[in-house]
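Please read the structure below before turning to the comments.
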Amino acid sequence: MTDLGTTLAALPLFGLIRDGGWTMWLIAALSVVTLAVVLWKLLSLWRLGVWGGRHSARAIALWGQGRRREALDAVRGRPSARARVAQAAIGTALDPRFDDRAAREETARVARQALYRSREGLRALELIATIAPLLGLLGTVLGMIDAFRVLQTAGNQADPSDLAGGIWVALLTTAAGMAVAIPAGVALSWFESIADRLQSDLEDLATRVFVAPAQPVAAPRDAVLRRPGPTHLAGAPA
């Protein structure tokens, strides 16, 4: 245990965090939380299937061709958000227990759940992007206060190098806060753009099911009714 502590103390990054005071420890904790949230969010979006859409596109194409049951089978049981919304829209449209309004409400409910899952964790990134620079600024202000307090105490015999060192350590917290806030803000904007695109796709899927009705299936060629030929009356010449 002692060897591990000695090794950590020898690391340059650990020394910077230690010299920056308690605000630097908070900023370091925020950096770990940011990394954890980003990795968790990537896994969550992958499970939600936000980068897919092949099955839902095929289902909508089949629906437009009038192949209704095949369209439902194409997305049945699929875990992606687009497939679930397409299944809800097609399934309720085919279910006689749902009228048009009830089908739309049920589809909207499924879409809202998917959109909520796509935006989970974004508040945490937004909070980190907001408070990390403020913590850095707070650390800088506290460090400057300590530096000038030492200058006042020393009077004319103050060493300028000591004052410069205190100011350097104080400014370090501002840089650390920005170093955490910038990646958090970039990740937040990227995840929000993914959620916005997913919302647009879900609205498009539902609209194409409810507004553009399925075309009737073409009847087989041998089932087409032929026009009857001329009827010959009994005794009439053929």
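Going by the structure tokens order, chains are called A, B, ..., each with residues numbered from 1, while ligands are numbered from 1 in the order shown.
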
How close does each residue of segment 68-182 of chain A get to segment 41-60 of chain A, giving the shortest atom pair and distance in Å to one decimal for every residue with an atom at most 8 Å away, counting only C-alpha atoms, sorted by chain and residue number, as CSV?
```
residue,atom,partner,partner_atom,distance
A:Glu70,CA,A:Ala59,CA,7.4
A:Ala71,CA,A:Ala59,CA,4.2
A:Leu72,CA,A:Ala59,CA,6.6
A:Asp73,CA,A:Ala59,CA,8.0
A:Ala74,CA,A:Ala59,CA,5.5
A:Val75,CA,A:His55,CA,6.0
A:Pro79,CA,A:Leu48,CA,6.9
A:Ser80,CA,A:Gly49,CA,4.4
A:Ala81,CA,A:Leu48,CA,5.7
A:Arg82,CA,A:Ser56,CA,6.0
A:Ala83,CA,A:Ser56,CA,5.0
A:Ala86,CA,A:Ser56,CA,6.1
A:Ala114,CA,A:Leu48,CA,7.9
A:Arg117,CA,A:Leu48,CA,8.0
A:Ser118,CA,A:Leu45,CA,6.5
A:Glu120,CA,A:Lys41,CA,7.8
A:Gly121,CA,A:Lys41,CA,7.0
```

So that I can check the secondary structure, give me every residue of segment 12-105 of chain A assigned alpha helix (DSSP H) by backbone DSSP, as a ChimeraX atom specification. /A:12-20,22-48,54-64,68-75,81-94,100-105

Selection: 8 Å around Gly185 of chain A, only C-alpha atoms, excl. self and same-chain fewer than 2 positions, as a list in words: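 The filter keeps Leu125, Glu126, Ala129, Ala181, Ile182, Pro183, Ala187, Leu188 and Ser189 of chain A.
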
Interatomic distance, atom CA of Gln199 of chain A to atom CA of Ala111 of chain A (Å, one decimal):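 Separating atom CA of Gln199 of chain A from atom CA of Ala111 of chain A is a distance of 8.0 Å.
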
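Close contacts of Ile145 of chain A, defined as residues with an atom at most 10 Å away when counting only C-alpha atoms, with chain neighbours fewer than 6 positions off set aside, comprise Gly139, Leu151, Gly166, Ile167 and Ala170 of chain A.
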
Let me make sure I understand: among A:Ala195, A:Ala124, A:Leu94, A:Leu138, which one has the smallest atom-to-atom distance to Ala36 of chain A if we use only C-alpha atoms? A:Ala124

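Shortest separation to Trp190 of chain A among A:Ala89, A:Leu122, A:Leu62, A:Ala102 occurs at residue A:Leu122, atoms counted being only C-alpha atoms.
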
Quick one: of A:Ile131, A:Leu202, A:Met178, A:Leu35, who's nearest to Gln113 of chain A, counting only C-alpha atoms?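 Nearest candidate to Gln113 of chain A out of A:Ile131, A:Leu202, A:Met178, A:Leu35: A:Leu202.
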
Of the residues A:Thr130, A:Glu192, A:Gly21, A:Ser31, which is the one nearest to Tyr116 of chain A, using only C-alpha atoms?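 Closest candidate: A:Glu192.
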
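Here atom CA of Ala88 of chain A is placed at a distance of 5.3 Å from atom CA of Thr107 of chain A.
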
To one decimal place, how far is atom CA of Pro133 of chain A from atom CA of Asp196 of chain A in Å? 26.9 Å

Gly177 of chain A environment, 6 Å, only C-alpha atoms, sequence neighbours closer than 3 positions dropped, as a ChimeraX atom specification: /A:132-133,136,174,180

Keeping N, CA, C and O atoms for every residue in the selection just given, could you write it to a file as a compact mmCIF listing (two decimals), in the first residue's frame?
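Contents of result.txt, freshly written:
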```txt
# COMPACT_ATOMS: atom_id res chain seq x y z
N ALA A 132 -17.99 22.81 -13.99
CA ALA A 132 -16.54 22.58 -14.02
C ALA A 132 -15.75 23.89 -14.19
O ALA A 132 -14.79 24.12 -13.44
N PRO A 133 -16.11 24.77 -15.14
CA PRO A 133 -15.37 26.04 -15.21
C PRO A 133 -15.57 26.91 -13.98
O PRO A 133 -14.65 27.65 -13.57
N GLY A 136 -13.25 25.70 -11.39
CA GLY A 136 -11.90 26.16 -11.73
C GLY A 136 -11.70 27.63 -11.38
O GLY A 136 -10.65 28.01 -10.84
N THR A 174 -8.36 26.82 -13.08
CA THR A 174 -9.18 27.31 -14.20
C THR A 174 -8.92 26.49 -15.45
O THR A 174 -9.86 26.11 -16.17
N VAL A 180 -12.13 19.94 -18.51
CA VAL A 180 -13.22 19.01 -18.27
C VAL A 180 -14.50 19.49 -18.95
O VAL A 180 -15.26 18.69 -19.52
```
